[in-house]
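The file coords-v9.txt contains compact mmCIF, C-alpha atoms:
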# COMPACT_ATOMS: atom_id res chain seq x y z
CA MET A 119 46.67 1.38 -15.43
CA SER A 120 46.02 4.71 -13.69
CA ASP A 121 42.68 5.87 -12.42
CA ILE A 122 41.75 9.15 -14.06
CA VAL A 123 40.02 12.09 -12.39
CA ASP A 124 38.85 14.69 -14.90
CA ALA A 125 38.40 17.93 -12.96
CA ARG A 126 38.80 20.25 -15.93
CA GLY A 127 36.39 23.16 -15.91
CA LEU A 128 35.53 22.71 -12.25
CA SER A 129 36.39 25.41 -9.75
CA CYS A 130 37.73 24.87 -6.27
CA PRO A 131 37.13 22.93 -4.12
CA GLN A 132 35.76 20.38 -6.63
CA PRO A 133 39.11 19.15 -8.03
CA VAL A 134 40.41 18.52 -4.51
CA LEU A 135 37.17 16.83 -3.41
CA MET A 136 37.26 14.55 -6.46
CA THR A 137 40.93 13.71 -5.91
CA LEU A 138 40.38 12.90 -2.23
CA ASP A 139 37.37 10.73 -3.13
CA GLU A 140 39.52 8.79 -5.58
CA ILE A 141 42.36 8.47 -3.06
CA LYS A 142 39.89 7.07 -0.53
CA LYS A 143 38.54 4.66 -3.15
CA VAL A 144 41.81 3.19 -4.45
CA ASN A 145 43.90 3.58 -1.28
CA LYS A 146 47.20 3.15 -3.19
CA GLY A 147 48.55 3.00 -6.72
CA GLU A 148 48.56 5.74 -9.34
CA ILE A 149 45.97 8.42 -10.08
CA VAL A 150 46.02 10.91 -12.93
CA VAL A 151 44.19 14.16 -12.20
CA MET A 152 43.39 16.50 -15.08
CA VAL A 153 42.86 20.17 -14.20
CA ASP A 154 42.74 23.37 -16.23
CA THR A 155 43.96 26.08 -13.83
CA ASP A 156 47.18 26.66 -11.94
CA THR A 157 45.19 27.10 -8.74
CA SER A 158 43.68 23.62 -9.12
CA LYS A 159 47.14 22.22 -9.92
CA GLU A 160 48.52 23.66 -6.67
CA ASN A 161 45.50 22.64 -4.59
CA VAL A 162 45.42 19.06 -5.88
CA SER A 163 49.18 18.65 -5.37
CA ARG A 164 48.96 20.02 -1.84
CA ALA A 165 45.99 17.81 -0.96
CA ALA A 166 47.69 14.69 -2.34
CA LYS A 167 50.83 15.34 -0.28
CA THR A 168 48.82 15.77 2.92
CA GLN A 169 47.32 12.31 2.26
CA GLY A 170 50.80 10.80 2.01
CA TRP A 171 50.77 10.54 -1.79
CA GLN A 172 53.71 11.56 -3.93
CA VAL A 173 53.26 14.07 -6.75
CA PHE A 174 55.10 12.02 -9.34
CA ASP A 175 54.70 14.16 -12.44
CA ILE A 176 52.99 17.31 -13.70
CA GLN A 177 52.73 17.76 -17.45
CA PRO A 178 51.04 20.57 -19.37
CA GLU A 179 48.22 19.15 -21.46
CA GLY A 180 46.02 21.24 -23.68
CA GLU A 181 45.01 24.31 -21.70
CA GLY A 182 45.71 22.62 -18.38
CA TYR A 183 47.77 20.04 -16.58
CA ARG A 184 47.97 16.30 -16.14
CA ILE A 185 49.02 15.53 -12.57
CA THR A 186 50.21 12.03 -11.72
CA ILE A 187 50.15 11.10 -8.05
CA ARG A 188 51.36 7.81 -6.58
CA LYS A 189 51.37 5.83 -3.38
CA ASP A 190 53.06 2.42 -3.08
CA MET B 245 54.48 25.49 -17.53
CA SER B 246 54.91 28.44 -15.16
CA SER B 247 57.77 28.41 -12.66
CA LYS B 248 57.18 27.56 -9.01
CA ASN B 249 54.78 29.99 -7.45
CA LEU B 250 56.42 31.25 -4.24
CA PHE B 251 53.30 33.13 -3.17
CA ALA B 252 51.31 29.89 -3.10
CA THR B 253 53.66 28.42 -0.49
CA ARG B 254 52.95 28.53 3.24
CA TRP B 255 55.24 31.51 3.79
CA GLY B 256 53.94 33.15 0.65
CA ILE B 257 50.34 33.23 1.81
CA ILE B 258 51.44 34.39 5.28
CA ALA B 259 53.42 37.24 3.70
CA VAL B 260 50.43 38.28 1.58
CA GLY B 261 48.17 38.22 4.66
CA ILE B 262 50.64 40.44 6.53
CA PHE B 263 50.90 42.78 3.54
CA ILE B 264 47.12 43.24 3.37
CA GLY B 265 46.88 43.42 7.17
CA ILE B 266 49.28 46.33 7.29
CA LEU B 267 47.90 48.20 4.29
CA ALA B 268 44.22 48.05 5.26
CA PRO B 269 44.59 49.98 8.54
CA LEU B 270 46.93 52.37 6.70
CA LEU B 271 44.19 53.03 4.15
CA GLN B 272 41.97 53.92 7.09
CA LYS B 273 44.69 56.24 8.36
CA TRP B 274 44.90 57.79 4.89
CA GLY B 275 41.17 58.49 4.75
CA ASN B 276 39.04 55.36 4.39
CA PRO B 277 36.20 54.84 6.94
CA GLY B 278 36.71 53.27 10.37
CA ASN B 279 37.68 49.57 10.32
CA MET B 280 37.01 49.77 6.59
CA GLY B 281 40.46 50.15 5.14
CA ILE B 282 39.34 47.41 2.79
CA CYS B 283 35.80 46.05 2.59
CA VAL B 284 34.96 44.41 -0.70
CA ALA B 285 31.20 44.35 -0.07
CA CYS B 286 31.08 47.95 1.19
CA PHE B 287 33.23 49.15 -1.68
CA ASP B 288 31.09 47.31 -4.27
CA ARG B 289 28.11 48.95 -2.58
CA ASP B 290 29.79 52.38 -2.85
CA ILE B 291 30.39 51.72 -6.54
CA ALA B 292 26.68 50.88 -6.96
CA GLY B 293 25.99 54.24 -5.31
CA ALA B 294 28.46 56.09 -7.53
CA LEU B 295 26.58 54.70 -10.54
CA GLY B 296 23.23 55.76 -9.08
CA LEU B 297 21.98 52.20 -8.68
CA HIS B 298 20.88 53.26 -5.21
CA ARG B 299 20.38 56.72 -3.77
CA ALA B 300 21.76 56.30 -0.27
CA ALA B 301 23.67 59.59 -0.35
CA VAL B 302 26.20 58.57 2.31
CA VAL B 303 27.60 55.56 0.43
CA GLN B 304 28.40 56.70 -3.10
CA TYR B 305 31.99 56.58 -4.30
CA MET B 306 33.76 54.77 -7.14
CA ARG B 307 36.27 52.91 -4.97
CA PRO B 308 39.61 52.64 -6.79
CA GLU B 309 40.65 49.72 -4.57
CA ILE B 310 38.11 47.49 -6.32
CA ILE B 311 39.29 48.61 -9.75
CA GLY B 312 42.86 47.91 -8.62
CA PHE B 313 41.98 44.44 -7.34
CA VAL B 314 40.73 43.39 -10.76
CA LEU B 315 43.44 45.09 -12.80
CA GLY B 316 46.22 43.93 -10.43
CA SER B 317 45.01 40.37 -10.82
CA LEU B 318 44.85 40.81 -14.61
CA ILE B 319 48.47 42.00 -14.68
CA ALA B 320 49.63 39.09 -12.51
CA ALA B 321 47.67 36.59 -14.58
CA TYR B 322 49.29 37.84 -17.80
CA MET B 323 52.78 38.08 -16.31
CA PHE B 324 52.62 34.47 -15.15
CA LYS B 325 50.65 33.11 -18.12
CA GLU B 326 47.59 32.29 -16.02
CA PHE B 327 45.01 34.35 -17.87
CA ARG B 328 42.35 31.81 -18.85
CA PRO B 329 39.12 33.21 -20.28
CA ARG B 330 36.28 30.93 -19.19
CA VAL B 331 32.51 31.09 -18.73
CA GLY B 332 29.43 28.91 -18.73
CA SER B 333 29.06 27.59 -15.21
CA ALA B 334 25.57 28.43 -13.90
CA ALA B 335 25.87 32.18 -14.43
CA ILE B 336 22.35 33.01 -13.27
CA VAL B 337 22.87 31.07 -10.03
CA ARG B 338 26.10 32.95 -9.39
CA PHE B 339 24.30 36.24 -10.06
CA ILE B 340 21.59 35.40 -7.50
CA LEU B 341 24.20 34.21 -4.99
CA GLY B 342 26.01 37.53 -5.48
CA ILE B 343 22.82 39.45 -4.73
CA PHE B 344 22.14 37.57 -1.51
CA ALA B 345 25.80 37.56 -0.45
CA MET B 346 25.68 41.35 -0.65
CA ILE B 347 22.38 41.57 1.23
CA GLY B 348 23.75 39.35 4.02
CA ALA B 349 26.97 41.34 4.19
CA LEU B 350 25.07 44.64 4.36
CA VAL B 351 22.88 43.36 7.21
CA PHE B 352 26.13 42.72 9.12
CA LEU B 353 27.81 45.80 7.58
CA GLY B 354 30.85 44.18 6.09
CA CYS B 355 32.24 41.28 4.12
CA PRO B 356 34.65 38.67 5.57
CA TRP B 357 37.54 41.06 4.92
CA ARG B 358 35.91 43.77 6.98
CA ALA B 359 34.81 41.32 9.66
CA LEU B 360 38.50 40.55 10.23
CA LEU B 361 39.43 44.23 10.14
CA ARG B 362 36.60 45.13 12.52
CA LEU B 363 37.86 42.49 14.93
CA ALA B 364 41.41 43.79 14.56
CA GLY B 365 40.13 47.28 15.36
CA GLY B 366 38.41 46.12 18.57
CA ASP B 367 34.82 45.96 17.27
CA TRP B 368 33.59 42.93 19.17
CA ASN B 369 30.35 42.82 17.14
CA ALA B 370 32.54 41.27 14.46
CA ILE B 371 32.84 38.15 16.62
CA LEU B 372 29.15 37.45 15.99
CA GLY B 373 29.67 38.15 12.30
CA LEU B 374 32.62 35.77 12.10
CA PHE B 375 30.68 33.04 13.91
CA GLY B 376 27.89 33.60 11.37
CA LEU B 377 30.37 33.46 8.50
CA ILE B 378 31.81 30.16 9.74
CA THR B 379 28.30 28.77 10.23
CA GLY B 380 27.30 29.72 6.68
CA ILE B 381 30.49 28.22 5.26
CA TRP B 382 29.96 25.06 7.33
CA ILE B 383 26.48 24.67 5.81
CA GLY B 384 28.07 25.19 2.39
CA THR B 385 30.60 22.42 3.06
CA ARG B 386 27.74 20.01 3.85
CA PHE B 387 26.35 20.70 0.38
CA LEU B 388 29.80 20.32 -1.20
CA LYS B 389 30.23 16.97 0.53
CA GLY B 390 26.82 15.96 -0.76
CA GLY B 391 27.82 16.57 -4.37
CA TYR B 392 26.83 20.23 -4.84
CA ASN B 393 28.67 21.92 -7.67
CA LEU B 394 28.10 24.71 -10.15
CA GLY B 395 29.06 22.65 -13.18
CA ARG B 396 31.97 22.95 -15.56
CA THR B 397 33.18 26.12 -17.22
CA GLN B 398 34.12 26.28 -20.89
CA GLN B 399 37.06 28.06 -22.45
CA THR B 400 36.02 31.11 -24.38
CA TYR B 401 37.35 34.01 -26.42
CA THR B 402 40.09 36.11 -24.88
CA SER B 403 37.87 39.16 -25.30
CA VAL B 404 35.25 37.64 -22.98
CA GLY B 405 37.84 37.43 -20.21
CA TRP B 406 38.72 41.05 -20.86
CA ILE B 407 35.17 42.39 -20.50
CA PHE B 408 35.15 42.82 -16.73
CA PRO B 409 38.67 44.28 -16.44
CA LEU B 410 37.73 46.69 -19.26
CA LEU B 411 34.60 47.66 -17.33
CA MET B 412 36.82 48.46 -14.36
CA LEU B 413 39.15 50.46 -16.58
CA GLY B 414 36.09 52.33 -17.85
CA PHE B 415 35.10 53.13 -14.26
CA LEU B 416 38.59 54.47 -13.62
CA ILE B 417 38.42 56.66 -16.73
CA LEU B 418 35.02 57.93 -15.57
CA MET B 419 36.57 58.93 -12.24
CA LEU B 420 39.34 60.80 -14.01
CA ILE B 421 37.10 62.71 -16.43
CA ASP B 422 34.32 63.24 -13.90
CA PRO B 423 36.04 63.89 -10.57
CA GLN B 424 34.25 65.08 -7.46
CA VAL B 425 33.80 68.81 -7.16
CA GLU B 426 34.35 69.90 -3.54
CA GLY B 427 31.03 69.77 -1.67
CA GLN B 428 29.05 68.57 -4.70
CA GLY B 429 27.11 65.29 -4.53
CA ARG B 430 26.98 64.80 -8.28
CA GLY B 431 29.49 65.06 -11.06
CA LYS B 432 28.47 65.10 -14.72
CA LEU B 433 27.60 61.40 -14.37
CA LEU B 434 28.89 59.91 -11.15
CA PHE B 435 27.39 60.30 -7.68
CA TYR B 436 29.70 61.31 -4.83
CA SER B 437 28.96 61.29 -1.10
CA VAL B 438 29.63 64.60 0.61
CA LYS B 439 29.18 63.10 4.08
CA GLY B 440 29.18 59.64 5.65
CA PRO B 441 31.40 56.64 4.82
CA GLY B 442 31.25 57.32 1.07
CA SER B 443 32.90 60.70 1.58
CA MET B 444 35.78 59.14 3.50
CA HIS B 445 38.53 57.85 1.26
CA ALA B 446 42.24 57.85 0.67
CA SER B 447 43.40 59.68 -2.46
CA LEU B 448 42.59 58.05 -5.78
CA ILE B 449 46.22 57.30 -6.59
CA VAL B 450 46.99 55.75 -3.18
CA SER B 451 43.80 53.64 -3.24
CA LEU B 452 44.54 52.50 -6.78
CA ILE B 453 48.15 51.57 -6.09
CA VAL B 454 47.21 49.60 -2.95
CA GLY B 455 44.40 47.93 -4.89
CA LEU B 456 46.76 46.97 -7.70
CA GLY B 457 49.29 45.57 -5.22
CA VAL B 458 46.69 43.56 -3.34
CA GLY B 459 45.13 42.32 -6.58
CA PHE B 460 48.53 41.23 -7.92
CA LEU B 461 49.56 39.38 -4.75
CA ALA B 462 46.14 37.87 -4.09
CA GLN B 463 46.05 36.44 -7.61
CA ARG B 464 49.45 34.84 -7.08
CA SER B 465 48.67 33.52 -3.60
CA ARG B 466 44.99 32.54 -4.28
CA PHE B 467 44.09 34.47 -1.11
CA CYS B 468 40.47 33.78 -0.13
CA THR B 469 38.81 34.57 3.20
CA MET B 470 35.95 32.11 2.61
CA GLY B 471 38.23 29.37 1.29
CA ALA B 472 40.32 29.72 4.45
CA PHE B 473 37.48 28.48 6.65
CA ARG B 474 36.04 26.12 4.01
CA ASP B 475 39.32 24.24 3.53
CA LEU B 476 39.83 24.03 7.27
CA ILE B 477 36.35 22.53 7.75
CA LEU B 478 36.33 20.38 4.62
CA PHE B 479 39.93 19.10 4.39
CA ARG B 480 41.54 20.14 7.71
CA GLN B 481 43.89 22.19 5.49
CA SER B 482 45.23 25.35 7.09
CA HIS B 483 46.99 26.84 4.06
CA LEU B 484 44.55 29.67 3.23
CA PHE B 485 43.63 30.04 6.90
CA LEU B 486 47.22 31.05 7.66
CA GLY B 487 46.77 33.97 5.27
CA VAL B 488 43.60 35.10 7.01
CA LEU B 489 45.18 34.67 10.44
CA SER B 490 48.24 36.70 9.47
CA LEU B 491 46.00 39.41 7.99
CA ALA B 492 44.09 39.74 11.26
CA ALA B 493 47.26 39.68 13.38
CA ALA B 494 49.04 42.24 11.22
CA ALA B 495 45.97 44.50 11.16
CA PHE B 496 45.70 44.27 14.96
CA ALA B 497 49.37 45.22 15.41
CA THR B 498 49.11 48.04 12.86
CA ASN B 499 45.96 49.38 14.53
CA LEU B 500 47.76 49.39 17.89
CA ILE B 501 50.67 51.32 16.41
CA LEU B 502 48.33 53.78 14.64
CA LYS B 503 46.14 54.10 17.78
CA GLN B 504 43.16 52.79 15.85
CA PHE B 505 42.35 49.98 18.28
CA HIS B 506 39.21 50.83 20.28
CA PRO B 507 37.73 47.74 21.95
CA GLY B 508 34.01 47.46 22.70
CA PHE B 509 30.58 46.71 21.31
CA ALA B 510 28.81 50.07 21.29
CA GLY B 511 29.69 53.08 19.18
CA GLN B 512 31.93 51.23 16.74
CA PRO B 513 32.31 52.82 13.29
CA VAL B 514 29.75 51.69 10.68
CA SER B 515 28.52 48.91 12.95
CA HIS B 516 25.46 47.95 14.97
CA THR B 517 24.96 45.82 18.08
CA MET B 518 22.03 43.60 17.01
CA HIS B 519 23.94 40.40 17.61
CA VAL B 520 21.42 37.94 16.19
CA TRP B 521 21.32 39.78 12.88
CA ASN B 522 25.06 40.30 12.77
CA PHE B 523 25.27 36.53 13.05
CA ALA B 524 22.43 35.74 10.62
CA GLY B 525 23.52 38.28 8.01
CA MET B 526 26.96 36.75 7.83
CA THR B 527 25.54 33.22 7.87
CA LEU B 528 23.72 34.13 4.67
CA ALA B 529 26.82 35.78 3.19
CA GLY B 530 29.06 32.86 4.19
CA LEU B 531 26.71 30.31 2.66
CA ALA B 532 26.40 32.32 -0.56
CA PHE B 533 30.19 32.72 -0.83
CA ALA B 534 30.70 29.01 -0.16
CA LEU B 535 28.16 28.00 -2.81
CA ALA B 536 29.71 30.45 -5.27
CA GLY B 537 33.25 29.18 -4.62
CA GLY B 538 34.96 32.28 -3.28
CA CYS B 539 34.85 35.31 -1.00
CA PRO B 540 34.05 38.68 -2.62
CA GLY B 541 37.73 39.50 -2.96
CA ARG B 542 38.57 36.17 -4.56
CA GLN B 543 35.69 36.65 -7.01
CA LEU B 544 37.29 39.94 -8.12
CA PHE B 545 40.71 38.32 -8.50
CA LEU B 546 39.19 35.47 -10.51
CA ALA B 547 37.34 37.98 -12.68
CA GLY B 548 40.73 39.64 -13.30
CA GLU B 549 42.27 36.37 -14.52
CA GLY B 550 39.49 35.80 -17.05
CA ASP B 551 36.73 34.05 -15.11
CA GLY B 552 33.52 35.45 -16.57
CA ASP B 553 31.38 33.55 -14.06
CA SER B 554 33.07 35.30 -11.15
CA ALA B 555 32.45 38.59 -12.96
CA VAL B 556 28.75 37.69 -12.99
CA PHE B 557 28.88 37.04 -9.22
CA VAL B 558 30.47 40.48 -8.66
CA SER B 559 27.81 42.04 -10.89
CA GLY B 560 25.21 40.32 -8.71
CA MET B 561 26.82 41.87 -5.64
CA ILE B 562 26.67 45.36 -7.15
CA ILE B 563 23.01 44.90 -8.13
CA GLY B 564 22.34 43.39 -4.69
CA ALA B 565 23.68 46.59 -3.13
CA GLY B 566 21.13 48.52 -5.17
CA PHE B 567 18.33 46.31 -3.83
CA ALA B 568 19.72 46.51 -0.29
CA HIS B 569 19.60 50.30 -0.16
CA ASN B 570 16.53 50.88 -2.33
CA PHE B 571 14.38 48.43 -0.37
CA GLY B 572 15.55 49.10 3.19
CA LEU B 573 17.48 45.86 3.59
CA ALA B 574 20.87 47.29 4.56
CA SER B 575 21.66 48.01 8.19
CA SER B 576 22.91 51.29 9.59
CA PRO B 577 24.62 52.09 12.92
CA LYS B 578 21.08 52.32 14.35
CA GLY B 579 20.41 48.65 13.56
CA VAL B 580 18.99 46.47 10.80
CA GLY B 581 16.93 48.04 8.03
CA PRO B 582 13.12 47.77 8.04
CA ASN B 583 13.15 44.84 5.62
CA GLY B 584 16.56 43.39 6.44
CA ILE B 585 15.31 40.49 8.54
CA ILE B 586 12.88 39.14 5.96
CA ALA B 587 15.53 39.56 3.26
CA VAL B 588 17.97 37.41 5.25
CA ILE B 589 15.33 34.71 5.69
CA ILE B 590 14.45 34.76 1.97
CA GLY B 591 18.15 34.66 1.12
CA LEU B 592 18.76 31.62 3.31
CA VAL B 593 15.78 29.84 1.73
CA VAL B 594 17.07 30.62 -1.78
CA CYS B 595 20.60 29.43 -0.91
CA LEU B 596 19.25 26.21 0.59
CA PHE B 597 17.15 25.68 -2.54
CA ILE B 598 20.26 26.10 -4.69
CA GLY B 599 22.31 23.85 -2.42
CA PHE B 600 19.76 21.06 -2.36
CA THR B 601 18.90 21.12 -6.07
CA MET B 602 22.38 21.37 -7.65
CA ARG B 603 23.78 18.14 -6.31
CA LYS B 604 24.37 16.16 -9.47
CA LYS B 605 27.85 14.69 -9.47
CA ALA B 606 30.01 16.25 -12.18
CA SER B 607 30.57 13.78 -14.97
Target encoding structure tokens, full file:
Amino acid sequence: MSDIVDARGLSCPQPVLMTLDEIKKVNKGEIVVMVDTDTSKENVSRAAKTQGWQVFDIQPEGEGYRITIRKD
Amino acid sequence: MSSKNLFATRWGIIAVGIFIGILAPLLQKWGNPGNMGICVACFDRDIAGALGLHRAAVVQYMRPEIIGFVLGSLIAAYMFKEFRPRVGSAAIVRFILGIFAMIGALVFLGCPWRALLRLAGGDWNAILGLFGLITGIWIGTRFLKGGYNLGRTQQTYTSVGWIFPLLMLGFLILMLIDPQVEGQGRGKLLFYSVKGPGSMHASLIVSLIVGLGVGFLAQRSRFCTMGAFRDLILFRQSHLFLGVLSLAAAAFATNLILKQFHPGFAGQPVSHTMHVWNFAGMTLAGLAFALAGGCPGRQLFLAGEGDGDSAVFVSGMIIGAGFAHNFGLASSPKGVGPNGIIAVIIGLVVCLFIGFTMRKKAS
């Protein structure tokens, strides 16, 4: 089961900080990050890639996005 | 879902930085004050003057660039389906941060945008300002690491997101129906400088078009002069920093071509040489921008895409400009204002209070 980071309603850099905290915590596996702006979507995706995680899927959800990142 | 955003790529942000870096010195060539082709803080301050919120006669003009920034961002946000009306995240804190960001910027005499442009024009006093800016942002990143945040926004009515862009549109209409009469310091409503930096400006249409272009591209690229340093310090991410770097490099090259590069400390346009207070003023501004989540330009672009909290921050900046000039806080080429030093100290104390007390982890 994926870990979920709910960063909706938070402005930058909070979504990235929360994602990086979660990445540090779980080290590998799958994390779902929920954001509500395109800027956060781009920032979280960029930050995940720099940590060696793969942006597996981005789906619109409600007024925002559900970003799935993975590392094996 | 919107298509891939080319402007948010590495080359996209570099291109936007170059675009702004070329246009800002050109705006100076076309009439804007020295090393002030674009200065968000100075231009907000001029708008405060145009509205009579302060009576410093040399800095009163309804800057169309600012209006363009907001409306350009609004257009981009609608074109790419990114207009998201939202409010509710510590508005009063943002308002106070806006006030002190403006006071800090006016002690230095420029925002981060102008600090870069001053450097690119050879004003070495800007080096102290940029060191101060980085110091302030660094302090802000310590708070962010410690759990500081402004809390979550809530979605709201579309009309709420429209309020600030409509205010800007109203300002533009005011300019059109109440234009400056040659040599007159007052229209029917608006105040106009007849001398000093406020009297120096490119034509309304040129300023507006450049403002719209910058607003459009900055919304797409998420260009942010504070975020550039913050992300570098916080995440070792150079994405936004590349935009700032390319802005400075392009402005330097354009200034050389236009013969606007005049290196030195003394006698620089709208600048003073009190190094400690250039540094401290921008430390305050940098910390306030970091705590508020964006540089003054980014706050305008966010306001254009529906962020009502950013609009409150900008409103704080405009009111802060009123305080700065009414109470002798703003600097002049002669040096800091009579109450500028104490204002910077109070501002730093207030920002530290905000940073230390808003550390609850978002749930």
Near Asp551 (chain B), counting all atoms listed in the file, which residues have an atom at most 7 Å away, once you skip same-chain residues fewer than 6 positions from it, shown as a PyMOL selection string? chain B and resi 329-331+405
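Of the residues listed (B:Leu544, B:Met561, B:Leu484, B:Ala574), B:Leu484 shows the shortest atom-to-atom separation from Arg164 (chain A); distances use only C-alpha atoms.
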Proximal residues of chain A relative to chain B (all atoms listed in the file; 10 Å) as number ranges by chain: A: 123-132, 134-136, 138, 154-157, 160-161, 164-165, 168, 176-179, 181-183
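Relative to CA of Ile187 (chain A), CA of Ile122 (chain A) is found at 10.5 Å.
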Tell me which protein, DNA and RNA residues are within 12 Å of Val144 (chain A), counting all atoms listed in the file, leaving out same-chain ones fewer than 3 positions away, and put them as a list in words. Ser120, Asp121, Ile122, Thr137, Leu138, Asp139, Glu140, Ile141, Gly147, Glu148, Ile149, Trp171, Arg188, Lys189 and Asp190 of chain A
One decimal place gives the CA of His445 (chain B)-CA of Leu573 (chain B) separation as 24.3 Å
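Proximity to Thr517 (chain B) was assessed for B:Pro423, B:Gly265, B:Gly281, B:Gly373 counting all atoms listed in the file; the smallest distance is recorded for B:Gly373.
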Measure the distance from CA of Phe408 (chain B) to CA of Met306 (chain B) in Å and round it to one decimal. 15.4 Å
Need the shell around region 354-362 of chain B: protein/DNA/RNA residues with any atom at most 7 Å away, counting only C-alpha atoms. Skip same-chain ones fewer than 3 positions apart. Format as number ranges by chain? B: 279-280, 282-286, 349-350, 365-367, 370, 373-374, 469, 492, 495
Can you spit out the residues from that selection as a CSV table (one decimal), keeping the file's coordinate frame, using C-alpha atoms?
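The resulting file, result_39.csv, is shown below:
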chain,number,residue,atom,x,y,z
B,279,ASN,CA,37.7,49.6,10.3
B,280,MET,CA,37.0,49.8,6.6
B,282,ILE,CA,39.3,47.4,2.8
B,283,CYS,CA,35.8,46.0,2.6
B,284,VAL,CA,35.0,44.4,-0.7
B,285,ALA,CA,31.2,44.4,-0.1
B,286,CYS,CA,31.1,48.0,1.2
B,349,ALA,CA,27.0,41.3,4.2
B,350,LEU,CA,25.1,44.6,4.4
B,365,GLY,CA,40.1,47.3,15.4
B,366,GLY,CA,38.4,46.1,18.6
B,367,ASP,CA,34.8,46.0,17.3
B,370,ALA,CA,32.5,41.3,14.5
B,373,GLY,CA,29.7,38.2,12.3
B,374,LEU,CA,32.6,35.8,12.1
B,469,THR,CA,38.8,34.6,3.2
B,492,ALA,CA,44.1,39.7,11.3
B,495,ALA,CA,46.0,44.5,11.2
Let me have the centre and edge lengths of the axis-aligned box enclosing all listed atoms of region 580-595 of chain B with 3 Å padding on every side, in Å to one decimal, as lines of an AutoDock Vina configuration file.
center_x = 16.7
center_y = 38.7
center_z = 4.5
size_x = 13.7
size_y = 24.6
size_z = 18.6
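Minimum atom-to-atom distances from A:Val162, A:Lys146, A:Pro133, A:Val151 to Ile185 (chain A) were compared using all atoms listed in the file, and the lowest value belongs to A:Val151.
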Might you pull out every residue within 8 Å of region 518-526 of chain B, with only C-alpha atoms counted and same-chain residues fewer than 5 positions away left off, and present them as a PyMOL selection string? chain B and resi 347-352+355+369-370+372-377+380+579-580+585+588
